[in-house]
$ cat upload.txt   # compact mmCIF, N, CA and C atoms and all ligand atoms
# COMPACT_ATOMS: atom_id res chain seq x y z
N MET A 737 89.56 106.81 102.02
CA MET A 737 89.20 106.18 100.75
C MET A 737 89.35 104.67 100.86
N LYS A 738 88.33 103.96 100.48
CA LYS A 738 88.42 102.50 100.49
C LYS A 738 88.76 102.04 99.09
N TYR A 739 89.85 101.31 98.97
CA TYR A 739 90.29 100.84 97.66
C TYR A 739 89.65 99.50 97.34
N ILE A 740 88.98 99.45 96.20
CA ILE A 740 88.43 98.18 95.73
C ILE A 740 88.88 97.99 94.29
N PRO A 741 89.72 96.98 94.03
CA PRO A 741 90.18 96.78 92.65
C PRO A 741 89.07 96.24 91.77
N ASP A 742 89.24 96.43 90.44
CA ASP A 742 88.32 95.84 89.48
C ASP A 742 88.73 94.41 89.15
N GLN A 743 90.04 94.17 89.25
CA GLN A 743 90.55 92.84 88.93
C GLN A 743 91.82 92.57 89.73
N ILE A 744 92.04 91.31 90.01
CA ILE A 744 93.24 90.90 90.75
C ILE A 744 93.96 89.84 89.92
N PHE A 745 95.24 90.09 89.67
CA PHE A 745 96.08 89.11 88.98
C PHE A 745 97.01 88.48 90.01
N ILE A 746 97.25 87.19 89.84
CA ILE A 746 98.02 86.45 90.85
C ILE A 746 99.11 85.63 90.17
N GLU A 747 100.32 85.72 90.68
CA GLU A 747 101.40 84.85 90.20
C GLU A 747 101.13 83.44 90.69
N PRO A 748 101.33 82.44 89.84
CA PRO A 748 101.03 81.07 90.26
C PRO A 748 101.70 80.66 91.57
N GLU A 749 102.94 81.11 91.77
CA GLU A 749 103.68 80.63 92.95
C GLU A 749 103.12 81.18 94.27
N VAL A 750 102.33 82.23 94.21
CA VAL A 750 101.79 82.77 95.47
C VAL A 750 100.29 82.53 95.61
N GLU A 751 99.76 81.70 94.74
CA GLU A 751 98.31 81.49 94.72
C GLU A 751 97.76 81.07 96.08
N THR A 752 98.50 80.22 96.78
CA THR A 752 97.98 79.70 98.05
C THR A 752 98.60 80.39 99.27
N SER A 753 99.38 81.44 99.04
CA SER A 753 100.07 82.05 100.18
C SER A 753 99.08 82.74 101.13
N PHE A 754 99.53 82.94 102.35
CA PHE A 754 98.67 83.50 103.39
C PHE A 754 98.09 84.85 102.99
N TYR A 755 98.96 85.77 102.53
CA TYR A 755 98.48 87.11 102.22
C TYR A 755 97.65 87.15 100.94
N THR A 756 97.95 86.28 99.99
CA THR A 756 97.09 86.20 98.81
C THR A 756 95.67 85.81 99.24
N GLN A 757 95.60 84.80 100.08
CA GLN A 757 94.28 84.35 100.52
C GLN A 757 93.57 85.42 101.35
N LYS A 758 94.35 86.16 102.12
CA LYS A 758 93.78 87.23 102.93
C LYS A 758 93.19 88.33 102.04
N VAL A 759 93.95 88.72 101.00
CA VAL A 759 93.46 89.76 100.09
C VAL A 759 92.22 89.26 99.36
N LEU A 760 92.28 88.04 98.86
CA LEU A 760 91.14 87.50 98.10
C LEU A 760 89.89 87.41 98.96
N SER A 761 90.08 87.11 100.24
CA SER A 761 88.91 87.02 101.12
C SER A 761 88.28 88.40 101.36
N LYS A 762 89.10 89.46 101.25
CA LYS A 762 88.57 90.83 101.41
C LYS A 762 87.79 91.27 100.18
N PHE A 763 88.17 90.74 99.02
CA PHE A 763 87.55 91.18 97.76
C PHE A 763 86.88 89.99 97.08
N GLN A 764 85.92 89.41 97.76
CA GLN A 764 85.34 88.16 97.26
C GLN A 764 84.61 88.33 95.93
N ASP A 765 84.10 89.55 95.67
CA ASP A 765 83.33 89.75 94.42
C ASP A 765 84.20 90.22 93.26
N VAL A 766 85.48 90.41 93.51
CA VAL A 766 86.35 90.95 92.46
C VAL A 766 86.89 89.83 91.59
N GLN A 767 86.83 90.08 90.29
CA GLN A 767 87.35 89.11 89.31
C GLN A 767 88.84 88.87 89.57
N ARG A 768 89.25 87.61 89.58
CA ARG A 768 90.66 87.28 89.81
C ARG A 768 91.13 86.28 88.77
N ARG A 769 92.43 86.34 88.53
CA ARG A 769 92.97 85.46 87.50
C ARG A 769 94.41 85.11 87.84
N VAL A 770 94.72 83.83 87.84
CA VAL A 770 96.09 83.39 88.01
C VAL A 770 96.76 83.50 86.65
N LEU A 771 97.85 84.28 86.59
CA LEU A 771 98.49 84.54 85.30
C LEU A 771 99.22 83.30 84.80
N PRO A 772 99.24 83.10 83.51
CA PRO A 772 99.97 81.95 82.98
C PRO A 772 101.46 82.05 83.30
N GLN A 773 102.04 80.94 83.68
CA GLN A 773 103.47 80.91 84.01
C GLN A 773 104.30 81.45 82.84
N GLY A 774 105.20 82.36 83.13
CA GLY A 774 106.10 82.87 82.08
C GLY A 774 105.54 84.06 81.32
N ASP A 775 104.29 84.04 80.98
CA ASP A 775 103.70 85.11 80.15
C ASP A 775 103.00 86.15 81.01
N GLY A 776 103.00 85.92 82.32
CA GLY A 776 102.21 86.75 83.21
C GLY A 776 102.51 88.22 83.15
N LEU A 777 103.79 88.59 83.21
CA LEU A 777 104.13 90.00 83.25
C LEU A 777 103.73 90.72 81.98
N LYS A 778 103.93 90.06 80.84
CA LYS A 778 103.58 90.67 79.56
C LYS A 778 102.06 90.92 79.50
N LEU A 779 101.33 89.94 79.91
CA LEU A 779 99.88 90.06 79.90
C LEU A 779 99.44 91.19 80.84
N LEU A 780 100.08 91.25 81.99
CA LEU A 780 99.73 92.27 82.97
C LEU A 780 100.01 93.66 82.41
N GLU A 781 101.17 93.84 81.78
CA GLU A 781 101.52 95.14 81.20
C GLU A 781 100.52 95.56 80.14
N GLU A 782 100.13 94.62 79.29
CA GLU A 782 99.17 94.95 78.22
C GLU A 782 97.82 95.34 78.81
N THR A 783 97.45 94.62 79.85
CA THR A 783 96.13 94.85 80.43
C THR A 783 96.06 96.17 81.19
N THR A 784 97.21 96.62 81.68
CA THR A 784 97.16 97.81 82.53
C THR A 784 97.87 99.00 81.88
N ARG A 785 97.96 99.02 80.57
CA ARG A 785 98.62 100.15 79.90
C ARG A 785 97.85 101.44 80.18
N ASN A 786 96.57 101.35 80.30
CA ASN A 786 95.74 102.51 80.62
C ASN A 786 95.87 102.83 82.11
N LEU A 787 96.20 104.09 82.44
CA LEU A 787 96.46 104.49 83.82
C LEU A 787 95.29 104.16 84.75
N PHE A 788 94.07 104.51 84.32
CA PHE A 788 92.93 104.34 85.22
C PHE A 788 92.61 102.86 85.42
N LYS A 789 92.75 102.10 84.36
CA LYS A 789 92.52 100.66 84.48
C LYS A 789 93.61 100.04 85.36
N GLY A 790 94.85 100.53 85.16
CA GLY A 790 95.97 100.01 85.93
C GLY A 790 95.79 100.23 87.42
N LYS A 791 95.32 101.41 87.78
CA LYS A 791 95.15 101.71 89.21
C LYS A 791 94.12 100.78 89.86
N LYS A 792 93.25 100.24 89.04
CA LYS A 792 92.21 99.35 89.58
C LYS A 792 92.59 97.88 89.41
N THR A 793 93.85 97.67 89.04
CA THR A 793 94.34 96.29 88.89
C THR A 793 95.35 95.99 89.98
N LEU A 794 95.09 94.99 90.76
CA LEU A 794 96.00 94.60 91.84
C LEU A 794 96.73 93.33 91.44
N PHE A 795 98.04 93.37 91.58
CA PHE A 795 98.88 92.23 91.19
C PHE A 795 99.51 91.66 92.45
N LEU A 796 99.32 90.41 92.71
CA LEU A 796 99.89 89.74 93.88
C LEU A 796 101.03 88.86 93.40
N LYS A 797 102.22 89.16 93.89
CA LYS A 797 103.38 88.40 93.43
C LYS A 797 104.41 88.27 94.55
N ALA A 798 105.45 87.49 94.27
CA ALA A 798 106.54 87.35 95.24
C ALA A 798 107.70 88.25 94.83
N PHE A 799 108.49 88.62 95.82
CA PHE A 799 109.71 89.40 95.56
C PHE A 799 110.85 88.67 96.23
N HIS A 800 111.73 88.05 95.41
CA HIS A 800 112.77 87.20 95.99
C HIS A 800 114.14 87.87 96.06
N ALA A 801 114.29 89.03 95.44
CA ALA A 801 115.59 89.71 95.49
C ALA A 801 115.82 90.23 96.92
N GLU A 802 117.00 90.77 97.14
CA GLU A 802 117.30 91.35 98.46
C GLU A 802 116.31 92.50 98.70
N PRO A 803 115.48 92.41 99.72
CA PRO A 803 114.39 93.39 99.84
C PRO A 803 114.83 94.77 100.34
N ALA A 804 115.82 94.81 101.23
CA ALA A 804 116.21 96.10 101.80
C ALA A 804 117.30 96.72 100.94
N LYS A 805 116.96 97.83 100.30
CA LYS A 805 117.93 98.51 99.43
C LYS A 805 118.41 99.77 100.13
N ILE A 806 119.69 100.07 99.93
CA ILE A 806 120.20 101.29 100.54
C ILE A 806 119.54 102.49 99.88
N CYS A 807 119.34 103.52 100.65
CA CYS A 807 118.65 104.74 100.21
C CYS A 807 119.13 105.18 98.82
N PRO A 808 118.20 105.49 97.90
CA PRO A 808 118.61 105.86 96.55
C PRO A 808 119.39 107.17 96.49
N GLY A 809 119.36 107.95 97.56
CA GLY A 809 120.10 109.21 97.56
C GLY A 809 121.55 109.05 97.96
N TYR A 810 121.97 107.81 98.23
CA TYR A 810 123.33 107.60 98.73
C TYR A 810 124.38 107.93 97.67
N SER A 811 125.44 108.56 98.10
CA SER A 811 126.62 108.74 97.23
C SER A 811 127.85 108.86 98.12
N ASP A 812 129.02 108.78 97.53
CA ASP A 812 130.26 108.90 98.31
C ASP A 812 130.45 110.31 98.87
N GLN A 813 129.66 111.26 98.38
CA GLN A 813 129.82 112.66 98.80
C GLN A 813 129.04 112.99 100.06
N VAL A 814 128.26 112.04 100.55
CA VAL A 814 127.44 112.33 101.75
C VAL A 814 127.76 111.31 102.84
N LEU A 815 127.41 111.69 104.06
CA LEU A 815 127.59 110.79 105.19
C LEU A 815 126.33 109.93 105.31
N CYS A 816 126.50 108.63 105.14
CA CYS A 816 125.34 107.73 105.13
C CYS A 816 124.77 107.57 106.54
N CYS A 817 123.46 107.65 106.66
CA CYS A 817 122.81 107.44 107.97
C CYS A 817 122.19 106.05 108.05
N ASN A 818 122.60 105.17 107.15
CA ASN A 818 122.14 103.77 107.15
C ASN A 818 120.62 103.68 106.95
N TYR A 819 120.14 104.46 106.03
CA TYR A 819 118.72 104.43 105.70
C TYR A 819 118.49 103.45 104.54
N TYR A 820 117.56 102.54 104.79
CA TYR A 820 117.22 101.55 103.77
C TYR A 820 115.74 101.66 103.42
N VAL A 821 115.39 101.13 102.27
CA VAL A 821 113.97 101.06 101.91
C VAL A 821 113.60 99.64 101.52
N ILE A 822 112.42 99.25 101.94
CA ILE A 822 111.86 98.00 101.44
C ILE A 822 110.54 98.34 100.76
N ASN A 823 110.20 97.58 99.73
CA ASN A 823 109.00 97.90 98.96
C ASN A 823 108.03 96.72 98.95
N LEU A 824 107.18 96.69 99.95
CA LEU A 824 106.14 95.66 99.96
C LEU A 824 105.07 95.97 98.92
N ILE A 825 104.85 97.26 98.71
CA ILE A 825 103.82 97.71 97.78
C ILE A 825 104.47 98.58 96.71
N GLU A 826 104.00 98.45 95.49
CA GLU A 826 104.43 99.35 94.42
C GLU A 826 103.20 100.03 93.85
N ASN A 827 103.27 101.35 93.78
CA ASN A 827 102.22 102.22 93.24
C ASN A 827 101.16 102.53 94.30
N CYS A 828 100.21 103.34 93.91
CA CYS A 828 99.22 103.87 94.86
C CYS A 828 97.91 104.07 94.11
N PRO A 829 96.80 103.81 94.75
CA PRO A 829 95.53 103.97 94.05
C PRO A 829 95.14 105.43 93.81
N LEU A 830 95.76 106.35 94.53
CA LEU A 830 95.42 107.77 94.35
C LEU A 830 96.25 108.38 93.23
N GLU A 831 95.91 109.60 92.85
CA GLU A 831 96.58 110.24 91.71
C GLU A 831 96.94 111.68 92.03
N CYS A 832 97.55 111.92 93.16
CA CYS A 832 97.92 113.29 93.52
C CYS A 832 98.81 113.86 92.41
N SER A 833 98.43 115.04 91.91
CA SER A 833 99.11 115.58 90.73
C SER A 833 100.58 115.89 90.99
N TYR A 834 100.93 116.18 92.24
CA TYR A 834 102.32 116.55 92.57
C TYR A 834 103.19 115.32 92.83
N CYS A 835 102.61 114.14 92.81
CA CYS A 835 103.33 112.95 93.27
C CYS A 835 104.27 112.40 92.20
N ILE A 836 105.47 112.13 92.61
CA ILE A 836 106.49 111.62 91.68
C ILE A 836 106.15 110.22 91.16
N LEU A 837 105.34 109.50 91.92
CA LEU A 837 105.05 108.12 91.52
C LEU A 837 104.41 108.04 90.14
N GLN A 838 103.61 109.06 89.79
CA GLN A 838 102.90 109.02 88.50
C GLN A 838 103.90 108.95 87.33
N ALA A 839 105.08 109.54 87.53
CA ALA A 839 106.07 109.54 86.46
C ALA A 839 107.21 108.56 86.71
N TYR A 840 107.39 108.19 87.96
CA TYR A 840 108.56 107.40 88.36
C TYR A 840 108.42 105.93 87.99
N LEU A 841 107.24 105.39 88.20
CA LEU A 841 107.05 103.96 87.93
C LEU A 841 106.67 103.75 86.47
N ASN A 842 107.17 102.67 85.90
CA ASN A 842 106.87 102.43 84.49
C ASN A 842 105.74 101.43 84.31
N LYS A 843 104.90 101.32 85.32
CA LYS A 843 103.71 100.46 85.20
C LYS A 843 102.59 101.11 85.99
N THR A 844 101.38 100.79 85.63
CA THR A 844 100.26 101.51 86.22
C THR A 844 99.54 100.73 87.32
N ASN A 845 99.74 99.43 87.36
CA ASN A 845 98.98 98.63 88.33
C ASN A 845 99.58 98.72 89.73
N LEU A 846 98.79 98.33 90.70
CA LEU A 846 99.29 98.21 92.06
C LEU A 846 99.83 96.80 92.26
N THR A 847 100.98 96.71 92.91
CA THR A 847 101.58 95.40 93.16
C THR A 847 101.78 95.22 94.65
N PHE A 848 101.43 94.06 95.14
CA PHE A 848 101.66 93.71 96.55
C PHE A 848 102.56 92.48 96.56
N HIS A 849 103.75 92.63 97.17
CA HIS A 849 104.65 91.49 97.32
C HIS A 849 104.19 90.69 98.53
N VAL A 850 103.52 89.61 98.25
CA VAL A 850 102.81 88.90 99.32
C VAL A 850 103.68 87.93 100.12
N ASN A 851 104.92 87.73 99.70
CA ASN A 851 105.81 86.86 100.50
C ASN A 851 106.43 87.68 101.64
N VAL A 852 105.55 88.24 102.45
CA VAL A 852 105.95 89.18 103.51
C VAL A 852 106.90 88.53 104.51
N GLU A 853 106.64 87.27 104.86
CA GLU A 853 107.50 86.60 105.85
C GLU A 853 108.95 86.52 105.35
N GLU A 854 109.11 86.16 104.09
CA GLU A 854 110.46 86.07 103.52
C GLU A 854 111.13 87.45 103.51
N ILE A 855 110.39 88.47 103.13
CA ILE A 855 110.94 89.83 103.08
C ILE A 855 111.36 90.28 104.48
N MET A 856 110.53 90.00 105.48
CA MET A 856 110.86 90.38 106.86
C MET A 856 112.07 89.58 107.38
N ARG A 857 112.12 88.29 107.02
CA ARG A 857 113.24 87.46 107.49
C ARG A 857 114.56 87.97 106.91
N LYS A 858 114.57 88.27 105.61
CA LYS A 858 115.81 88.75 104.98
C LYS A 858 116.21 90.11 105.55
N THR A 859 115.23 90.94 105.82
CA THR A 859 115.54 92.26 106.39
C THR A 859 116.11 92.11 107.79
N ALA A 860 115.54 91.21 108.57
CA ALA A 860 116.05 90.96 109.93
C ALA A 860 117.48 90.43 109.88
N GLU A 861 117.76 89.57 108.88
CA GLU A 861 119.13 89.04 108.74
C GLU A 861 120.12 90.15 108.43
N LEU A 862 119.69 91.10 107.60
CA LEU A 862 120.57 92.24 107.27
C LEU A 862 120.89 93.04 108.53
N VAL A 863 119.86 93.31 109.31
CA VAL A 863 120.07 94.10 110.54
C VAL A 863 120.98 93.36 111.51
N LYS A 864 120.75 92.06 111.63
CA LYS A 864 121.58 91.25 112.54
C LYS A 864 123.03 91.19 112.08
N SER A 865 123.24 91.31 110.76
CA SER A 865 124.60 91.19 110.23
C SER A 865 125.48 92.40 110.60
N GLN A 866 124.85 93.49 111.05
CA GLN A 866 125.61 94.68 111.45
C GLN A 866 125.13 95.13 112.83
N PRO A 867 125.42 94.34 113.85
CA PRO A 867 124.82 94.58 115.17
C PRO A 867 125.23 95.91 115.80
N ASN A 868 126.31 96.50 115.33
CA ASN A 868 126.77 97.74 115.96
C ASN A 868 126.31 99.00 115.23
N ARG A 869 125.44 98.84 114.24
CA ARG A 869 124.96 100.02 113.51
C ARG A 869 123.46 100.13 113.66
N PRO A 870 122.95 101.31 113.97
CA PRO A 870 121.49 101.48 113.95
C PRO A 870 120.98 101.51 112.50
N PHE A 871 119.83 100.95 112.26
CA PHE A 871 119.23 100.97 110.92
C PHE A 871 117.98 101.84 110.95
N ARG A 872 117.73 102.51 109.84
CA ARG A 872 116.45 103.17 109.62
C ARG A 872 115.88 102.53 108.36
N ILE A 873 114.67 102.03 108.44
CA ILE A 873 114.10 101.35 107.28
C ILE A 873 112.76 101.98 106.94
N GLY A 874 112.65 102.50 105.74
CA GLY A 874 111.42 103.13 105.30
C GLY A 874 110.69 102.26 104.29
N THR A 875 109.46 102.63 104.01
CA THR A 875 108.65 101.82 103.10
C THR A 875 108.00 102.68 102.01
N GLY A 876 108.45 103.91 101.86
CA GLY A 876 107.71 104.83 100.99
C GLY A 876 108.35 105.19 99.68
N GLU A 877 109.24 104.35 99.14
CA GLU A 877 109.87 104.73 97.88
C GLU A 877 108.95 104.48 96.68
N HIS A 878 108.31 103.33 96.66
CA HIS A 878 107.47 102.98 95.51
C HIS A 878 105.98 103.06 95.81
N SER A 879 105.65 103.53 96.99
CA SER A 879 104.25 103.69 97.35
C SER A 879 104.18 104.72 98.46
N ASP A 880 102.99 104.96 98.96
CA ASP A 880 102.85 105.86 100.10
C ASP A 880 103.01 105.03 101.37
N SER A 881 103.94 105.44 102.23
CA SER A 881 104.18 104.64 103.44
C SER A 881 102.90 104.34 104.20
S1 LIG B 1 101.79 107.93 97.01
FE1 LIG B 1 100.92 109.53 98.34
S2 LIG B 1 101.28 111.46 97.26
FE2 LIG B 1 101.50 109.78 95.76
S3 LIG B 1 99.49 109.51 94.78
FE3 LIG B 1 99.58 108.12 96.54
S4 LIG B 1 98.68 109.28 98.27
FE4 LIG B 1 99.22 110.76 96.65
$ encode --input "upload.txt" --output "structure tokens" --more "lines below"
Ligand code: SF4
Amino acid sequence: MKYIPDQIFIEPEVETSFYTQKVLSKFQDVQRRVLPQGDGLKLLEETTRNLFKGKKTLFLKAFHAEPAKICPGYSDQVLCCNYYVINLIENCPLECSYCILQAYLNKTNLTFHVNVEEIMRKTAELVKSQPNRPFRIGTGEHSDS
């Protein structure tokens, strides 16, 4: 399946970033809009309240928090295998009826965290900080790996 969005929303801070430009060059005929500073998320939520419209809306933004999160299944009752997840993408253009994503995420649009270099750098720093432990890092919590 080839995914082609109907519209692309862009956070002002990533407007000129490498991956934003790469995505925009792939979808040259797709309507795009840089969201107003501060009001962007609200506008995006209103625009994508409809599931089908949301799936066809691609949001390009930065993710500055710590990108590698420890596995959501972790608890003190289990032996941790050092599994982490990073989420470059949130949501999926498909609608498999059995998929937890349809109910798990509270927004309908697809999001791509385009500050990939920063996310990779922070993840590498985390791995380097524990040189004697093997890491497993997955990418499929908020999207399909
Ligand atoms: S994440 Fe995977 S299972 Fe879920 S809707 Fe997308 S393709 Fe289907």
$ atom_distance --input "upload.txt" --atom1 "atom C of Glu853 (chain A)" --atom2 "CA of Thr783 (chain A)"
29.2 Å
$ select_by_dssp --input "upload.txt" --residues "chain A" --states "helix (DSSP H, G or I)" --output "PyMOL selection string"
chain A and resi 748-750+754-762+776-783+787-791+837-840+852-865
$ write_last_selection --input "upload.txt" --atoms "N, CA and C atoms" --output "compact mmCIF listing (two decimals), in the coordinates of the input"
# COMPACT_ATOMS: atom_id res chain seq x y z
N PRO A 748 101.33 82.44 89.84
CA PRO A 748 101.03 81.07 90.26
C PRO A 748 101.70 80.66 91.57
N GLU A 749 102.94 81.11 91.77
CA GLU A 749 103.68 80.63 92.95
C GLU A 749 103.12 81.18 94.27
N VAL A 750 102.33 82.23 94.21
CA VAL A 750 101.79 82.77 95.47
C VAL A 750 100.29 82.53 95.61
N PHE A 754 99.53 82.94 102.35
CA PHE A 754 98.67 83.50 103.39
C PHE A 754 98.09 84.85 102.99
N TYR A 755 98.96 85.77 102.53
CA TYR A 755 98.48 87.11 102.22
C TYR A 755 97.65 87.15 100.94
N THR A 756 97.95 86.28 99.99
CA THR A 756 97.09 86.20 98.81
C THR A 756 95.67 85.81 99.24
N GLN A 757 95.60 84.80 100.08
CA GLN A 757 94.28 84.35 100.52
C GLN A 757 93.57 85.42 101.35
N LYS A 758 94.35 86.16 102.12
CA LYS A 758 93.78 87.23 102.93
C LYS A 758 93.19 88.33 102.04
N VAL A 759 93.95 88.72 101.00
CA VAL A 759 93.46 89.76 100.09
C VAL A 759 92.22 89.26 99.36
N LEU A 760 92.28 88.04 98.86
CA LEU A 760 91.14 87.50 98.10
C LEU A 760 89.89 87.41 98.96
N SER A 761 90.08 87.11 100.24
CA SER A 761 88.91 87.02 101.12
C SER A 761 88.28 88.40 101.36
N LYS A 762 89.10 89.46 101.25
CA LYS A 762 88.57 90.83 101.41
C LYS A 762 87.79 91.27 100.18
N GLY A 776 103.00 85.92 82.32
CA GLY A 776 102.21 86.75 83.21
C GLY A 776 102.51 88.22 83.15
N LEU A 777 103.79 88.59 83.21
CA LEU A 777 104.13 90.00 83.25
C LEU A 777 103.73 90.72 81.98
N LYS A 778 103.93 90.06 80.84
CA LYS A 778 103.58 90.67 79.56
C LYS A 778 102.06 90.92 79.50
N LEU A 779 101.33 89.94 79.91
CA LEU A 779 99.88 90.06 79.90
C LEU A 779 99.44 91.19 80.84
N LEU A 780 100.08 91.25 81.99
CA LEU A 780 99.73 92.27 82.97
C LEU A 780 100.01 93.66 82.41
N GLU A 781 101.17 93.84 81.78
CA GLU A 781 101.52 95.14 81.20
C GLU A 781 100.52 95.56 80.14
N GLU A 782 100.13 94.62 79.29
CA GLU A 782 99.17 94.95 78.22
C GLU A 782 97.82 95.34 78.81
N THR A 783 97.45 94.62 79.85
CA THR A 783 96.13 94.85 80.43
C THR A 783 96.06 96.17 81.19
N LEU A 787 96.20 104.09 82.44
CA LEU A 787 96.46 104.49 83.82
C LEU A 787 95.29 104.16 84.75
N PHE A 788 94.07 104.51 84.32
CA PHE A 788 92.93 104.34 85.22
C PHE A 788 92.61 102.86 85.42
N LYS A 789 92.75 102.10 84.36
CA LYS A 789 92.52 100.66 84.48
C LYS A 789 93.61 100.04 85.36
N GLY A 790 94.85 100.53 85.16
CA GLY A 790 95.97 100.01 85.93
C GLY A 790 95.79 100.23 87.42
N LYS A 791 95.32 101.41 87.78
CA LYS A 791 95.15 101.71 89.21
C LYS A 791 94.12 100.78 89.86
N LEU A 837 105.34 109.50 91.92
CA LEU A 837 105.05 108.12 91.52
C LEU A 837 104.41 108.04 90.14
N GLN A 838 103.61 109.06 89.79
CA GLN A 838 102.90 109.02 88.50
C GLN A 838 103.90 108.95 87.33
N ALA A 839 105.08 109.54 87.53
CA ALA A 839 106.07 109.54 86.46
C ALA A 839 107.21 108.56 86.71
N TYR A 840 107.39 108.19 87.96
CA TYR A 840 108.56 107.40 88.36
C TYR A 840 108.42 105.93 87.99
N VAL A 852 105.55 88.24 102.45
CA VAL A 852 105.95 89.18 103.51
C VAL A 852 106.90 88.53 104.51
N GLU A 853 106.64 87.27 104.86
CA GLU A 853 107.50 86.60 105.85
C GLU A 853 108.95 86.52 105.35
N GLU A 854 109.11 86.16 104.09
CA GLU A 854 110.46 86.07 103.52
C GLU A 854 111.13 87.45 103.51
N ILE A 855 110.39 88.47 103.13
CA ILE A 855 110.94 89.83 103.08
C ILE A 855 111.36 90.28 104.48
N MET A 856 110.53 90.00 105.48
CA MET A 856 110.86 90.38 106.86
C MET A 856 112.07 89.58 107.38
N ARG A 857 112.12 88.29 107.02
CA ARG A 857 113.24 87.46 107.49
C ARG A 857 114.56 87.97 106.91
N LYS A 858 114.57 88.27 105.61
CA LYS A 858 115.81 88.75 104.98
C LYS A 858 116.21 90.11 105.55
N THR A 859 115.23 90.94 105.82
CA THR A 859 115.54 92.26 106.39
C THR A 859 116.11 92.11 107.79
N ALA A 860 115.54 91.21 108.57
CA ALA A 860 116.05 90.96 109.93
C ALA A 860 117.48 90.43 109.88
N GLU A 861 117.76 89.57 108.88
CA GLU A 861 119.13 89.04 108.74
C GLU A 861 120.12 90.15 108.43
N LEU A 862 119.69 91.10 107.60
CA LEU A 862 120.57 92.24 107.27
C LEU A 862 120.89 93.04 108.53
N VAL A 863 119.86 93.31 109.31
CA VAL A 863 120.07 94.10 110.54
C VAL A 863 120.98 93.36 111.51
N LYS A 864 120.75 92.06 111.63
CA LYS A 864 121.58 91.25 112.54
C LYS A 864 123.03 91.19 112.08
N SER A 865 123.24 91.31 110.76
CA SER A 865 124.60 91.19 110.23
C SER A 865 125.48 92.40 110.60
$ residues_around --input "upload.txt" --residues "Ile740 (chain A)" --least-positions-apart "2" --cutoff "6 Å" --atoms "all atoms listed in the file" --output "PDB file with N, CA and C atoms, keeping the file's coordinate frame"
ATOM      1  N   LYS A 738      88.330 103.960 100.480  1.00  0.00           N
ATOM      2  CA  LYS A 738      88.420 102.500 100.490  1.00  0.00           C
ATOM      3  C   LYS A 738      88.760 102.040  99.090  1.00  0.00           C
ATOM      4  N   ASP A 742      89.240  96.430  90.440  1.00  0.00           N
ATOM      5  CA  ASP A 742      88.320  95.840  89.480  1.00  0.00           C
ATOM      6  C   ASP A 742      88.730  94.410  89.150  1.00  0.00           C
ATOM      7  N   LYS A 792      93.250 100.240  89.040  1.00  0.00           N
ATOM      8  CA  LYS A 792      92.210  99.350  89.580  1.00  0.00           C
ATOM      9  C   LYS A 792      92.590  97.880  89.410  1.00  0.00           C
TER      10      LYS A 792
END
$ atom_distance --input "upload.txt" --atom1 "CA of Ala860 (chain A)" --atom2 "CA of Ser879 (chain A)"
21.4 Å
$ residues_near_ligand --input "upload.txt" --ligand "ligand LIG 1 (chain B)" --cutoff "8 Å" --atoms "all atoms listed in the file" --output "short mmCIF file (atom, residue, chain, number, x, y, z; two decimals) with N, CA and C atoms, keeping the file's coordinate frame"
data_model
loop_
_atom_site.label_atom_id
_atom_site.label_comp_id
_atom_site.auth_asym_id
_atom_site.auth_seq_id
_atom_site.Cartn_x
_atom_site.Cartn_y
_atom_site.Cartn_z
N ASN A 827 103.27 101.35 93.78
CA ASN A 827 102.22 102.22 93.24
C ASN A 827 101.16 102.53 94.30
N CYS A 828 100.21 103.34 93.91
CA CYS A 828 99.22 103.87 94.86
C CYS A 828 97.91 104.07 94.11
N PRO A 829 96.80 103.81 94.75
CA PRO A 829 95.53 103.97 94.05
C PRO A 829 95.14 105.43 93.81
N LEU A 830 95.76 106.35 94.53
CA LEU A 830 95.42 107.77 94.35
C LEU A 830 96.25 108.38 93.23
N GLU A 831 95.91 109.60 92.85
CA GLU A 831 96.58 110.24 91.71
C GLU A 831 96.94 111.68 92.03
N CYS A 832 97.55 111.92 93.16
CA CYS A 832 97.92 113.29 93.52
C CYS A 832 98.81 113.86 92.41
N SER A 833 98.43 115.04 91.91
CA SER A 833 99.11 115.58 90.73
C SER A 833 100.58 115.89 90.99
N TYR A 834 100.93 116.18 92.24
CA TYR A 834 102.32 116.55 92.57
C TYR A 834 103.19 115.32 92.83
N CYS A 835 102.61 114.14 92.81
CA CYS A 835 103.33 112.95 93.27
C CYS A 835 104.27 112.40 92.20
N ILE A 836 105.47 112.13 92.61
CA ILE A 836 106.49 111.62 91.68
C ILE A 836 106.15 110.22 91.16
N LEU A 837 105.34 109.50 91.92
CA LEU A 837 105.05 108.12 91.52
C LEU A 837 104.41 108.04 90.14
N GLN A 838 103.61 109.06 89.79
CA GLN A 838 102.90 109.02 88.50
C GLN A 838 103.90 108.95 87.33
N GLY A 876 108.45 103.91 101.86
CA GLY A 876 107.71 104.83 100.99
C GLY A 876 108.35 105.19 99.68
N GLU A 877 109.24 104.35 99.14
CA GLU A 877 109.87 104.73 97.88
C GLU A 877 108.95 104.48 96.68
N HIS A 878 108.31 103.33 96.66
CA HIS A 878 107.47 102.98 95.51
C HIS A 878 105.98 103.06 95.81
N SER A 879 105.65 103.53 96.99
CA SER A 879 104.25 103.69 97.35
C SER A 879 104.18 104.72 98.46
N ASP A 880 102.99 104.96 98.96
CA ASP A 880 102.85 105.86 100.10
C ASP A 880 103.01 105.03 101.37
N SER A 881 103.94 105.44 102.23
CA SER A 881 104.18 104.64 103.44
C SER A 881 102.90 104.34 104.20
#
$ residues_around --input "upload.txt" --residues "Thr844 (chain A)" --least-positions-apart "3" --cutoff "8 Å" --atoms "all atoms listed in the file" --output "list in words"
Leu780, Glu781, Thr784, Arg785, Asn786, Leu787, Phe788, Lys789, Gly790, Lys791, Lys792, Thr793, Glu826, Asn827, Cys828, Leu841 and Thr847 of chain A
$ axis_aligned_box --input "upload.txt" --around "region 788-801 of chain A" --padding-each-side "8 Å" --output "AutoDock Vina command-line options"
--center_x 104.0 --center_y 95.9 --center_z 90.6 --size_x 39.6 --size_y 33.3 --size_z 28.6
